[in-house]
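Q: Provided herewith: data32.cif, mmCIF, C-alpha atoms and all ligand atoms.
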```cif
data_protein
loop_
_atom_site.label_atom_id
_atom_site.label_comp_id
_atom_site.auth_asym_id
_atom_site.auth_seq_id
_atom_site.Cartn_x
_atom_site.Cartn_y
_atom_site.Cartn_z
CA MET A 743 41.72 -0.96 4.02
CA ILE A 744 41.91 2.12 1.81
CA HIS A 745 39.20 2.77 -0.78
CA GLU A 746 40.34 6.16 -2.02
CA ARG A 747 40.44 5.40 -5.73
CA SER A 748 37.17 3.42 -5.56
CA ASP A 749 35.46 6.34 -3.84
CA GLN A 750 36.67 8.71 -6.55
CA LEU A 751 35.37 6.45 -9.28
CA TYR A 752 32.07 5.93 -7.51
CA ALA A 753 31.56 9.70 -7.18
CA LYS A 754 32.18 10.08 -10.92
CA ALA A 755 30.02 7.08 -11.87
CA GLN A 756 26.97 8.53 -10.15
CA GLN A 757 26.96 11.40 -12.62
CA TRP A 758 26.53 9.02 -15.53
CA MET A 759 24.64 6.00 -14.29
CA PRO A 760 21.76 5.66 -11.81
CA ALA A 761 23.45 5.09 -8.43
CA GLY A 762 26.64 4.70 -10.43
CA VAL A 763 25.85 1.17 -11.50
CA ASN A 764 24.43 -0.91 -14.33
CA SER A 765 22.57 -3.39 -12.10
CA PRO A 766 20.99 -2.25 -8.82
CA VAL A 767 22.48 -4.66 -6.26
CA ARG A 768 26.02 -3.54 -7.17
CA ALA A 769 25.38 -0.17 -5.50
CA PHE A 770 25.48 -1.82 -2.01
CA ARG A 771 22.17 -0.21 -0.98
CA ALA A 772 21.09 -3.37 0.89
CA VAL A 773 24.18 -3.34 3.11
CA GLY A 774 25.07 0.36 3.13
CA GLY A 775 28.41 1.84 2.23
CA THR A 776 29.77 2.27 -1.26
CA PRO A 777 30.96 -0.24 -3.83
CA PHE A 778 34.59 -0.92 -4.65
CA TYR A 779 35.83 -0.81 -8.21
CA ILE A 780 37.52 -3.85 -9.72
CA ARG A 781 40.87 -3.54 -11.40
CA SER A 782 41.30 -7.20 -12.20
CA ALA A 783 40.19 -10.67 -11.25
CA LYS A 784 41.96 -13.99 -11.35
CA GLY A 785 40.78 -17.36 -10.05
CA ALA A 786 38.85 -16.85 -6.82
CA VAL A 787 40.31 -13.41 -6.12
CA LEU A 788 39.21 -9.87 -7.02
CA THR A 789 41.66 -6.97 -6.86
CA ASP A 790 40.22 -3.48 -6.54
CA VAL A 791 41.61 -0.22 -7.91
CA ASP A 792 43.24 0.53 -4.53
CA GLY A 793 45.06 -2.80 -4.58
CA ASN A 794 42.86 -4.56 -1.98
CA ARG A 795 42.24 -8.25 -2.60
CA TYR A 796 39.08 -10.22 -1.85
CA ILE A 797 38.13 -13.88 -2.00
CA ASP A 798 35.08 -13.67 -4.24
CA TYR A 799 31.83 -15.51 -3.50
CA VAL A 800 29.76 -13.49 -5.97
CA CYS A 801 31.58 -14.90 -9.01
CA SER A 802 29.61 -12.67 -11.37
CA TRP A 803 26.36 -13.82 -9.74
CA GLY A 804 27.10 -17.45 -10.44
CA ALA A 805 28.24 -17.14 -14.05
CA LEU A 806 31.87 -17.94 -13.24
CA ILE A 807 31.84 -21.56 -12.12
CA LEU A 808 35.52 -21.82 -13.14
CA GLY A 809 36.44 -18.59 -11.37
CA HIS A 810 37.85 -15.48 -13.04
CA SER A 811 39.91 -15.54 -16.23
CA HIS A 812 40.24 -19.29 -16.40
CA PRO A 813 43.06 -20.00 -18.91
CA ALA A 814 40.94 -22.21 -21.20
CA VAL A 815 38.17 -19.62 -21.34
CA VAL A 816 40.52 -16.69 -21.94
CA LYS A 817 42.26 -18.64 -24.69
CA ALA A 818 38.95 -19.50 -26.36
CA ILE A 819 37.82 -15.87 -26.26
CA LYS A 820 41.13 -14.61 -27.69
CA GLN A 821 41.04 -17.11 -30.51
CA ALA A 822 37.41 -16.31 -31.29
CA ALA A 823 38.04 -12.55 -31.20
CA ALA A 824 40.83 -12.91 -33.71
CA ARG A 825 38.31 -14.53 -36.09
CA GLY A 826 35.79 -11.70 -35.70
CA THR A 827 33.59 -10.50 -32.84
CA SER A 828 30.15 -10.72 -34.45
CA TYR A 829 28.94 -11.89 -37.84
CA GLY A 830 25.19 -11.49 -37.94
CA ALA A 831 25.36 -14.81 -39.78
CA PRO A 832 25.57 -18.43 -38.65
CA HIS A 833 28.83 -20.04 -37.45
CA GLU A 834 29.92 -23.40 -36.12
CA GLY A 835 30.40 -22.22 -32.52
CA GLU A 836 26.63 -22.03 -32.08
CA ILE A 837 26.23 -25.69 -33.04
CA LEU A 838 29.06 -26.83 -30.78
CA LEU A 839 27.60 -25.10 -27.73
CA ALA A 840 24.07 -26.30 -28.56
CA GLU A 841 25.37 -29.89 -28.80
CA GLU A 842 27.27 -29.60 -25.54
CA ILE A 843 24.14 -28.40 -23.74
CA ALA A 844 21.84 -30.97 -25.35
CA GLN A 845 24.21 -33.81 -24.43
CA ALA A 846 24.07 -32.79 -20.78
CA MET A 847 20.32 -32.09 -20.84
CA PRO A 848 18.63 -34.49 -23.25
CA TRP A 849 15.26 -32.74 -22.72
CA VAL A 850 16.75 -29.80 -24.62
CA GLU A 851 15.93 -31.18 -28.07
CA MET A 852 16.34 -27.78 -29.68
CA LEU A 853 17.30 -24.40 -28.37
CA ARG A 854 17.88 -20.82 -29.29
CA PHE A 855 20.60 -18.54 -27.96
CA VAL A 856 19.79 -15.04 -26.78
CA ASN A 857 21.85 -12.44 -24.90
CA SER A 858 20.61 -12.65 -21.32
CA GLY A 859 18.53 -14.66 -18.91
CA THR A 860 15.84 -11.99 -19.16
CA GLU A 861 15.50 -12.59 -22.89
CA ALA A 862 15.44 -16.34 -22.34
CA THR A 863 12.49 -16.28 -19.94
CA MET A 864 10.58 -13.68 -21.98
CA SER A 865 10.95 -15.76 -25.10
CA ALA A 866 10.07 -19.04 -23.38
CA VAL A 867 6.90 -17.50 -21.96
CA ARG A 868 5.89 -16.12 -25.36
CA LEU A 869 6.40 -19.55 -26.88
CA ALA A 870 4.38 -21.21 -24.10
CA ARG A 871 1.51 -18.80 -24.68
CA ALA A 872 1.62 -19.41 -28.41
CA ALA A 873 1.81 -23.18 -28.06
CA THR A 874 -1.12 -23.42 -25.65
CA GLY A 875 -3.16 -20.48 -26.89
CA ARG A 876 -3.56 -19.48 -23.25
CA PRO A 877 -2.73 -16.14 -21.60
CA LYS A 878 -1.78 -16.91 -17.98
CA ILE A 879 1.58 -17.60 -16.40
CA LEU A 880 2.03 -18.99 -12.92
CA LYS A 881 5.18 -17.94 -11.09
CA PHE A 882 6.40 -18.11 -7.52
CA GLU A 883 6.97 -15.50 -4.88
CA GLY A 884 10.66 -14.78 -4.50
CA ASN A 885 11.59 -16.36 -7.84
CA TYR A 886 13.34 -13.96 -10.19
CA HIS A 887 13.09 -14.45 -13.93
CA GLY A 888 14.73 -11.29 -15.21
CA HIS A 889 13.07 -7.93 -15.64
CA ALA A 890 10.32 -8.51 -18.22
CA ASP A 891 7.19 -6.53 -17.24
CA TYR A 892 4.83 -9.40 -16.54
CA LEU A 893 7.43 -11.45 -14.64
CA LEU A 894 8.22 -8.64 -12.21
CA ALA A 895 5.37 -9.51 -9.93
CA LYS A 896 5.27 -11.43 -6.70
CA ALA A 897 1.88 -10.54 -5.16
CA GLY A 898 0.88 -10.61 -1.53
CA SER A 899 0.20 -13.51 0.72
CA GLY A 900 -1.54 -16.75 0.03
CA VAL A 901 -3.38 -17.50 -3.13
CA ALA A 902 -3.36 -14.38 -5.27
CA THR A 903 -5.29 -14.36 -8.49
CA PHE A 904 -4.19 -10.91 -9.53
CA ALA A 905 -0.55 -9.92 -9.19
CA LEU A 906 0.62 -6.37 -8.66
CA PRO A 907 3.77 -5.29 -10.46
CA ASP A 908 6.93 -4.86 -8.33
CA SER A 909 8.27 -2.00 -10.40
CA ALA A 910 7.01 1.41 -11.40
CA GLY A 911 6.33 1.74 -15.10
CA ILE A 912 4.36 -1.48 -15.42
CA PRO A 913 0.63 -0.95 -16.02
CA ALA A 914 -1.40 -3.37 -13.90
CA GLU A 915 -2.91 -4.73 -17.12
CA LEU A 916 0.48 -6.21 -17.99
CA THR A 917 0.55 -8.40 -14.91
CA GLN A 918 -3.13 -9.33 -14.97
CA HIS A 919 -2.20 -12.68 -16.49
CA THR A 920 0.54 -13.36 -13.96
CA LEU A 921 -0.54 -15.64 -11.13
CA VAL A 922 1.71 -15.91 -8.12
CA ALA A 923 1.94 -18.70 -5.57
CA PRO A 924 4.26 -19.02 -2.57
CA TYR A 925 7.27 -21.27 -3.20
CA ASN A 926 7.03 -24.81 -1.83
CA HIS A 927 3.26 -24.60 -1.25
CA PRO A 928 1.78 -27.17 -3.65
CA GLU A 929 -1.72 -26.64 -2.26
CA ALA A 930 -1.62 -22.98 -3.37
CA VAL A 931 -0.59 -24.05 -6.87
CA GLU A 932 -3.38 -26.60 -6.95
CA ALA A 933 -5.90 -23.97 -5.90
CA LEU A 934 -4.78 -21.65 -8.71
CA PHE A 935 -5.07 -24.49 -11.20
CA ARG A 936 -8.54 -25.41 -9.95
CA GLU A 937 -9.60 -21.81 -10.43
CA ALA A 938 -7.89 -20.96 -13.73
CA GLY A 939 -6.15 -24.12 -14.94
CA GLU A 940 -7.59 -23.98 -18.46
CA GLN A 941 -6.10 -20.52 -18.89
CA ILE A 942 -2.60 -21.27 -17.61
CA ALA A 943 -0.08 -21.47 -20.43
CA ALA A 944 2.85 -22.34 -18.20
CA VAL A 945 4.30 -22.60 -14.75
CA ILE A 946 7.72 -20.96 -14.59
CA VAL A 947 9.88 -21.84 -11.60
CA GLU A 948 13.42 -21.69 -10.31
CA PRO A 949 13.79 -25.40 -9.54
CA VAL A 950 16.21 -24.41 -6.79
CA ALA A 951 15.47 -20.83 -5.83
CA GLY A 952 18.57 -18.65 -5.88
CA ASN A 953 17.17 -15.14 -5.78
CA MET A 954 15.76 -15.06 -2.25
CA GLY A 955 18.89 -16.62 -0.90
CA VAL A 956 19.08 -20.33 -1.63
CA VAL A 957 15.81 -22.17 -1.08
CA LEU A 958 15.60 -25.85 -1.97
CA PRO A 959 12.46 -27.35 -3.45
CA ALA A 960 10.61 -29.39 -0.82
CA PRO A 961 10.48 -33.12 -1.57
CA GLY A 962 7.84 -33.70 -4.24
CA PHE A 963 7.27 -30.00 -4.98
CA LEU A 964 8.71 -30.07 -8.51
CA GLN A 965 6.94 -33.35 -9.27
CA THR A 966 3.65 -31.78 -8.18
CA LEU A 967 4.26 -28.97 -10.68
CA ARG A 968 4.96 -31.58 -13.36
CA ASP A 969 1.78 -33.50 -12.51
CA LEU A 970 -0.45 -30.43 -12.39
CA THR A 971 0.85 -28.98 -15.65
CA ASN A 972 0.38 -32.36 -17.31
CA ARG A 973 -3.14 -32.71 -15.98
CA TYR A 974 -4.20 -29.23 -17.14
CA GLY A 975 -2.33 -29.20 -20.45
CA SER A 976 0.00 -26.40 -19.30
CA LEU A 977 3.73 -26.29 -19.89
CA LEU A 978 6.43 -26.48 -17.24
CA ILE A 979 9.34 -24.07 -17.66
CA PHE A 980 12.41 -24.50 -15.47
CA ASP A 981 14.34 -21.27 -15.15
CA GLU A 982 17.80 -22.78 -14.78
CA VAL A 983 19.66 -19.55 -15.48
CA ILE A 984 21.50 -20.07 -12.17
CA THR A 985 21.10 -23.80 -11.60
CA GLY A 986 21.95 -25.02 -15.11
CA PHE A 987 25.45 -26.60 -14.98
CA ARG A 988 25.64 -25.35 -11.35
CA VAL A 989 23.81 -27.84 -9.13
CA SER A 990 24.80 -30.64 -11.51
CA ARG A 991 25.79 -30.97 -15.15
CA GLN A 992 22.14 -31.79 -15.84
CA GLY A 993 20.98 -28.82 -13.81
CA ALA A 994 18.17 -29.12 -11.27
CA ALA A 995 16.03 -31.13 -13.70
CA GLY A 996 18.66 -33.86 -13.61
CA LEU A 997 19.26 -33.56 -9.90
CA TYR A 998 15.58 -33.90 -9.01
CA SER A 999 14.59 -36.14 -11.95
CA VAL A 1000 11.76 -33.92 -13.09
CA VAL A 1001 11.76 -33.15 -16.80
CA PRO A 1002 10.33 -29.77 -17.84
CA ASP A 1003 8.93 -28.89 -21.27
CA MET A 1004 11.29 -25.94 -21.55
CA VAL A 1005 14.45 -24.76 -19.88
CA CYS A 1006 15.91 -21.26 -19.65
CA LEU A 1007 19.66 -20.97 -19.35
CA GLY A 1008 22.18 -18.16 -18.95
CA LYS A 1009 25.08 -17.29 -16.64
CA ILE A 1010 27.37 -20.37 -16.72
CA ILE A 1011 26.66 -21.25 -20.37
CA GLY A 1012 28.22 -17.93 -21.38
CA GLY A 1013 31.42 -18.49 -19.38
CA GLY A 1014 31.29 -14.88 -18.17
CA LEU A 1015 30.12 -13.32 -21.43
CA PRO A 1016 26.57 -12.09 -22.00
CA VAL A 1017 24.35 -15.00 -23.01
CA GLY A 1018 21.05 -16.74 -22.50
CA ALA A 1019 19.22 -19.63 -24.12
CA TYR A 1020 15.79 -21.19 -24.11
CA GLY A 1021 15.10 -24.65 -25.33
CA GLY A 1022 13.22 -27.87 -24.81
CA ARG A 1023 10.72 -29.99 -26.67
CA ARG A 1024 11.31 -29.99 -30.41
CA ASP A 1025 7.62 -29.58 -31.27
CA LEU A 1026 7.58 -26.40 -29.19
CA MET A 1027 10.84 -24.97 -30.48
CA GLN A 1028 9.67 -25.57 -34.05
CA MET A 1029 7.10 -22.84 -33.45
CA VAL A 1030 9.88 -20.22 -33.26
CA ALA A 1031 10.43 -17.94 -36.28
CA PRO A 1032 11.21 -18.47 -39.07
CA LEU A 1033 10.04 -22.12 -38.75
CA GLY A 1034 6.91 -21.04 -36.94
CA PRO A 1035 4.82 -18.01 -35.97
CA VAL A 1036 6.55 -17.03 -32.68
CA TYR A 1037 8.81 -14.08 -33.40
CA GLN A 1038 12.08 -13.66 -31.56
CA ALA A 1039 15.40 -12.30 -32.85
CA GLY A 1040 18.72 -10.81 -31.74
CA THR A 1041 21.47 -8.79 -33.42
CA LEU A 1042 24.18 -10.33 -31.24
CA SER A 1043 22.49 -13.66 -30.48
CA GLY A 1044 24.84 -16.62 -30.83
CA ASN A 1045 27.74 -14.21 -30.51
CA PRO A 1046 30.98 -16.03 -31.41
CA LEU A 1047 32.86 -14.82 -28.31
CA ALA A 1048 30.06 -15.85 -25.97
CA MET A 1049 29.70 -19.24 -27.68
CA ALA A 1050 33.44 -19.86 -27.39
CA ALA A 1051 33.57 -18.86 -23.72
CA GLY A 1052 30.53 -21.00 -22.95
CA LEU A 1053 31.87 -24.02 -24.78
CA ALA A 1054 35.28 -23.77 -23.11
CA THR A 1055 33.53 -23.56 -19.73
CA LEU A 1056 31.16 -26.50 -20.27
CA ARG A 1057 34.03 -28.65 -21.52
CA GLU A 1058 35.76 -28.22 -18.16
CA LEU A 1059 32.69 -29.40 -16.25
CA GLY A 1060 33.12 -33.14 -15.85
CA GLU A 1061 31.39 -35.06 -13.05
CA GLU A 1062 34.54 -34.87 -10.90
CA VAL A 1063 34.21 -31.08 -10.86
CA TYR A 1064 30.85 -31.35 -9.13
CA THR A 1065 32.24 -33.71 -6.50
CA ARG A 1066 34.98 -31.21 -5.79
CA LEU A 1067 32.58 -28.23 -5.65
CA GLU A 1068 30.36 -30.22 -3.31
CA GLU A 1069 33.28 -30.81 -0.94
CA LEU A 1070 34.37 -27.19 -0.89
CA ALA A 1071 30.89 -25.73 -0.52
CA SER A 1072 29.98 -28.26 2.14
CA ALA A 1073 33.09 -27.31 4.12
CA LEU A 1074 32.10 -23.65 3.89
CA GLN A 1075 28.53 -24.44 4.93
CA GLN A 1076 29.76 -26.34 7.98
CA ALA A 1077 32.19 -23.61 8.97
CA VAL A 1078 29.49 -20.95 8.79
CA ALA A 1079 27.01 -23.07 10.74
CA GLU A 1080 29.60 -23.85 13.40
CA SER A 1081 30.58 -20.23 13.84
CA ALA A 1082 26.98 -19.14 14.23
CA ASN A 1083 26.39 -21.96 16.66
CA LYS A 1084 29.45 -21.16 18.78
CA LEU A 1085 28.52 -17.50 18.89
CA GLY A 1086 24.92 -18.34 19.78
CA VAL A 1087 23.29 -16.82 16.69
CA PRO A 1088 20.34 -18.66 15.21
CA ALA A 1089 21.26 -19.44 11.61
CA GLN A 1090 20.19 -21.60 8.68
CA VAL A 1091 22.77 -22.34 6.02
CA ASN A 1092 20.90 -23.45 2.91
CA ARG A 1093 22.90 -25.08 0.16
CA ALA A 1094 22.45 -26.84 -3.18
CA GLY A 1095 25.82 -27.96 -4.49
CA SER A 1096 28.05 -24.90 -4.82
CA MET A 1097 25.32 -22.31 -4.18
CA LEU A 1098 24.60 -21.45 -0.57
CA ASN A 1099 23.93 -18.69 1.90
CA VAL A 1100 23.24 -18.03 5.55
CA PHE A 1101 19.91 -16.82 6.92
CA PHE A 1102 20.10 -15.43 10.45
CA THR A 1103 16.82 -16.81 11.70
CA GLU A 1104 15.41 -19.53 13.93
CA CYS A 1105 13.08 -21.06 11.36
CA ALA A 1106 13.81 -23.31 8.42
CA VAL A 1107 13.83 -21.23 5.22
CA THR A 1108 11.49 -22.69 2.62
CA ASP A 1109 9.73 -19.67 1.07
CA THR A 1110 9.75 -15.85 1.06
CA ALA A 1111 7.92 -15.59 4.37
CA SER A 1112 10.67 -17.52 6.15
CA ALA A 1113 13.50 -16.00 4.07
CA PHE A 1114 12.40 -12.49 5.04
CA THR A 1115 12.78 -13.34 8.75
CA THR A 1116 16.55 -13.23 8.34
CA ASP A 1117 18.30 -10.49 10.34
CA ARG A 1118 19.35 -8.21 7.49
CA GLN A 1119 21.04 -5.68 9.76
CA LEU A 1120 23.26 -8.38 11.17
CA TYR A 1121 24.05 -9.53 7.63
CA ALA A 1122 24.96 -5.97 6.59
CA ARG A 1123 27.40 -5.66 9.51
CA LEU A 1124 28.82 -9.10 8.77
CA PHE A 1125 29.23 -8.17 5.11
CA HIS A 1126 31.38 -5.14 5.94
CA ALA A 1127 33.32 -6.94 8.66
CA LEU A 1128 34.16 -9.65 6.12
CA LEU A 1129 34.94 -7.21 3.33
CA LYS A 1130 37.64 -5.54 5.39
CA ARG A 1131 39.06 -9.00 6.08
CA GLY A 1132 39.27 -9.65 2.36
CA VAL A 1133 36.15 -11.73 1.74
CA PHE A 1134 33.46 -10.55 -0.68
CA LEU A 1135 29.98 -11.94 -0.04
CA PRO A 1136 26.97 -10.73 -2.05
CA PRO A 1137 25.98 -7.21 -0.94
CA SER A 1138 22.50 -8.40 0.08
CA ALA A 1139 21.27 -10.90 2.67
CA LEU A 1140 18.94 -12.46 0.09
CA GLU A 1141 21.46 -13.45 -2.58
CA ALA A 1142 23.27 -16.74 -3.11
CA TRP A 1143 27.01 -17.19 -2.54
CA PHE A 1144 28.86 -19.15 -5.21
CA VAL A 1145 31.90 -21.38 -4.89
CA SER A 1146 33.96 -21.90 -8.04
CA THR A 1147 36.51 -24.50 -9.07
CA ALA A 1148 39.15 -21.80 -8.53
CA HIS A 1149 38.42 -21.80 -4.80
CA THR A 1150 40.74 -24.04 -2.79
CA GLU A 1151 40.70 -25.56 0.69
CA SER A 1152 42.98 -22.72 1.69
CA HIS A 1153 40.45 -20.08 0.50
CA ILE A 1154 37.71 -21.85 2.42
CA GLU A 1155 39.83 -22.07 5.58
CA ARG A 1156 40.75 -18.39 5.38
CA THR A 1157 37.09 -17.55 4.80
CA ALA A 1158 36.03 -19.66 7.78
CA LYS A 1159 38.49 -17.84 10.09
CA ALA A 1160 37.49 -14.44 8.74
CA PHE A 1161 33.82 -15.37 9.04
CA HIS A 1162 34.14 -16.23 12.71
CA ALA A 1163 35.95 -13.00 13.54
CA ALA A 1164 33.59 -10.95 11.38
CA LEU A 1165 30.45 -12.45 12.90
CA LYS A 1166 31.82 -11.80 16.38
CA GLU A 1167 32.44 -8.18 15.42
CA ALA A 1168 29.00 -7.87 13.80
CA LEU A 1169 27.35 -9.17 16.96
CA ALA A 1170 29.29 -6.85 19.25
CA VAL A 1171 27.47 -3.77 17.95
C1 LIG B 1 20.09 -13.99 -13.35
C2 LIG B 1 18.77 -14.62 -13.56
C3 LIG B 1 17.92 -14.25 -14.60
C4 LIG B 1 18.18 -13.07 -15.48
O1 LIG B 1 19.33 -13.21 -16.23
P1 LIG B 1 20.04 -11.88 -16.81
O2 LIG B 1 21.12 -12.41 -17.66
O3 LIG B 1 20.49 -11.11 -15.62
O4 LIG B 1 18.99 -11.14 -17.58
C5 LIG B 1 16.78 -15.01 -14.82
N1 LIG B 1 16.47 -16.03 -14.03
C6 LIG B 1 17.24 -16.40 -12.99
C7 LIG B 1 16.87 -17.57 -12.17
C8 LIG B 1 18.40 -15.68 -12.71
O5 LIG B 1 19.14 -16.01 -11.64
#
```
Would you mind writing the file's structure down as structure tokens?
A:
Amino acid sequence: MIHERSDQLYAKAQQWMPAGVNSPVRAFRAVGGTPFYIRSAKGAVLTDVDGNRYIDYVCSWGALILGHSHPAVVKAIKQAAARGTSYGAPHEGEILLAEEIAQAMPWVEMLRFVNSGTEATMSAVRLARAATGRPKILKFEGNYHGHADYLLAKAGSGVATFALPDSAGIPAELTQHTLVAPYNHPEAVEALFREAGEQIAAVIVEPVAGNMGVVLPAPGFLQTLRDLTNRYGSLLIFDEVITGFRVSRQGAAGLYSVVPDMVCLGKIIGGGLPVGAYGGRRDLMQMVAPLGPVYQAGTLSGNPLAMAAGLATLRELGEEVYTRLEELASALQQAVAESANKLGVPAQVNRAGSMLNVFFTECAVTDTASAFTTDRQLYARLFHALLKRGVFLPPSALEAWFVSTAHTESHIERTAKAFHAALKEALAV
């Protein structure tokens, strides 16, 4: 596989952007090597600038549940663009997308569109603090909620009461109100509530974790969060930026029958255009400016192209789509597990609907401690061995793979064959 043109572009890009990229994981640092540059993408397949083709399991980090350049989405964007790309004034597309979301998720009684998942979580947390008059936020180790200062903290082991920021440039004072508990450890959450419950504005959680690989909530875990937040008068925020319209049309809240006070959305609801949204209980959302005192605004929020792409996407997502995605992703999960088994590699293939990934480890993966036991070197070798066979997995062992409706049985079969050969090669080193 030749990467000549990609290498030229990458060399140039590094002059202008840190590591040549606009989001860190794209630089391939976790797996080594250098990124390829995309020329075009259609359905489940990416084509790079050197003409190499890859079956894509990144799918824009989960945003593209219909695959690349789905005809209905492209048509909607073209039609919207012809009517103007941004108004800075209200338009009907915003209402249509809001209605589509609220119909699927009845607990979203009102919402506001923003431009990214990061903005959605930031705004939801601000609202939770305003509504409760409390300063503290409880989050989970290994859950990612975008790059707002006080959410970029994961803390050490066990029950931490004071979280250290994960990034430079964040004064410790800014994370002093961020409490961090390990995922799937209800007793740790309870301990934090016993200690500081009256100060906790909200618990924010990925109801299925998708940013430490895929980690499912243990039975009862989400309900425990609901019960504790209810008991202490705190709010429960589900960050469904990945899981919304992914694990089911109702998101994880629907799948696990636990209703949060607020939901953050992004990715799929923008159909591949930049978007985010936060919404939930009407009494809470009525506190947002200009109805209420919680300020939040956006020049491009409710962008007509993003609304059109999102609406076209959600309208394709009937229940039958989820059955189909389940079949495809389950076939991939089985193929990966079988390969690992045949080749004698300990592996866990975690999956929720069409999000999945493999952890090369003996132990069940339920939190960061177990997720971090995965053999990342083996994954890096597997990644490259698969890439040269025309399969693009996320360039990090701790990211979710996504199956789209554009993937077919044939893509999955080809991936399964390539996976077996690639794993064999990765193990031979
Ligand atoms: C991607 C993601 C975000 C951040 O969304 P951006 O649009 O990248 O800012 C927040 N939360 C979760 C769960 C995500 O997966």
Q: Choose the residue, out of A:Ala1111, A:Leu964, A:Leu1026, A:Ala761, that has the smallest atom-to-atom separation from Gly996 (chain A); count all atoms listed in the file.
A: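 Among the listed residues, A:Leu964 lies closest to Gly996 (chain A).
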Q: Using all atoms listed in the file, which protein or nucleic acid residues are at most 9 Å from ligand LIG 1 (chain B), as a PDB file with C-alpha atoms, in the coordinates of the input?
A:
```pdb
ATOM      1  CA  SER A 765      22.570  -3.390 -12.100  1.00  0.00           C
ATOM      2  CA  TRP A 803      26.360 -13.820  -9.740  1.00  0.00           C
ATOM      3  CA  GLY A 804      27.100 -17.450 -10.440  1.00  0.00           C
ATOM      4  CA  ALA A 805      28.240 -17.140 -14.050  1.00  0.00           C
ATOM      5  CA  ASN A 857      21.850 -12.440 -24.900  1.00  0.00           C
ATOM      6  CA  SER A 858      20.610 -12.650 -21.320  1.00  0.00           C
ATOM      7  CA  GLY A 859      18.530 -14.660 -18.910  1.00  0.00           C
ATOM      8  CA  THR A 860      15.840 -11.990 -19.160  1.00  0.00           C
ATOM      9  CA  GLU A 861      15.500 -12.590 -22.890  1.00  0.00           C
ATOM     10  CA  ALA A 862      15.440 -16.340 -22.340  1.00  0.00           C
ATOM     11  CA  THR A 863      12.490 -16.280 -19.940  1.00  0.00           C
ATOM     12  CA  ASN A 885      11.590 -16.360  -7.840  1.00  0.00           C
ATOM     13  CA  TYR A 886      13.340 -13.960 -10.190  1.00  0.00           C
ATOM     14  CA  HIS A 887      13.090 -14.450 -13.930  1.00  0.00           C
ATOM     15  CA  GLY A 888      14.730 -11.290 -15.210  1.00  0.00           C
ATOM     16  CA  HIS A 889      13.070  -7.930 -15.640  1.00  0.00           C
ATOM     17  CA  VAL A 947       9.880 -21.840 -11.600  1.00  0.00           C
ATOM     18  CA  GLU A 948      13.420 -21.690 -10.310  1.00  0.00           C
ATOM     19  CA  PRO A 949      13.790 -25.400  -9.540  1.00  0.00           C
ATOM     20  CA  VAL A 950      16.210 -24.410  -6.790  1.00  0.00           C
ATOM     21  CA  ALA A 951      15.470 -20.830  -5.830  1.00  0.00           C
ATOM     22  CA  GLY A 952      18.570 -18.650  -5.880  1.00  0.00           C
ATOM     23  CA  ASN A 953      17.170 -15.140  -5.780  1.00  0.00           C
ATOM     24  CA  PHE A 980      12.410 -24.500 -15.470  1.00  0.00           C
ATOM     25  CA  ASP A 981      14.340 -21.270 -15.150  1.00  0.00           C
ATOM     26  CA  GLU A 982      17.800 -22.780 -14.780  1.00  0.00           C
ATOM     27  CA  VAL A 983      19.660 -19.550 -15.480  1.00  0.00           C
ATOM     28  CA  ILE A 984      21.500 -20.070 -12.170  1.00  0.00           C
ATOM     29  CA  THR A 985      21.100 -23.800 -11.600  1.00  0.00           C
ATOM     30  CA  CYS A1006      15.910 -21.260 -19.650  1.00  0.00           C
ATOM     31  CA  LEU A1007      19.660 -20.970 -19.350  1.00  0.00           C
ATOM     32  CA  GLY A1008      22.180 -18.160 -18.950  1.00  0.00           C
ATOM     33  CA  LYS A1009      25.080 -17.290 -16.640  1.00  0.00           C
ATOM     34  CA  PRO A1016      26.570 -12.090 -22.000  1.00  0.00           C
ATOM     35  CA  VAL A1017      24.350 -15.000 -23.010  1.00  0.00           C
ATOM     36  CA  GLY A1018      21.050 -16.740 -22.500  1.00  0.00           C
TER      37      GLY A1018
END
```
Q: Taking into account all atoms listed in the file, which residue in the set A:Ala844, A:Ser976, A:His927, A:Glu834 is nearest to Ile879 (chain A)?
A: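 Result for the nearest residue to Ile879 (chain A): A:Ser976.
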Q: Would you mind reading off the distance between CA of Val1036 (chain A) and CA of Ala895 (chain A), one decimal, in Å?
A: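 Computed distance, CA of Val1036 (chain A) to CA of Ala895 (chain A), equals 24.0 Å.
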Q: Can you measure CA of Arg1123 (chain A) to CA of Ser1081 (chain A) for me? One decimal in Å is fine.
A: 15.5 Å
Q: Excluding Ala1127 (chain A) and residues on its chain fewer than 4 positions from it, collect all residues at most 9 Å away from it, counting only C-alpha atoms, and give them as a ChimeraX atom specification.
A: /A:1122-1123,1131,1133,1160-1161,1163-1165,1167-1168
Q: Nearest residue to Val767 (chain A) out of A:Val867, A:Leu1140, A:Ala930, A:Leu958, using all atoms listed in the file?
A: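 Distance minimum relative to Val767 (chain A) lands on A:Leu1140.
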Q: Considering all atoms listed in the file, state which residue in the set A:Gln845, A:Ala890, A:Ala783, A:Ala772 is at the smallest distance from Leu1120 (chain A).
A: A:Ala772
Q: How many Å separate CA of Arg1093 (chain A) from CA of Gln1075 (chain A)?
A: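 Value for the CA of Arg1093 (chain A)-CA of Gln1075 (chain A) distance: 7.4 Å.
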Q: Counting all atoms listed in the file, figure out which residue out of A:Ala1073, A:Cys801, A:Leu1129, A:Leu977 gets nearest to Arg876 (chain A).
A: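 The shortest atom-to-atom distance to Arg876 (chain A) comes from A:Leu977.
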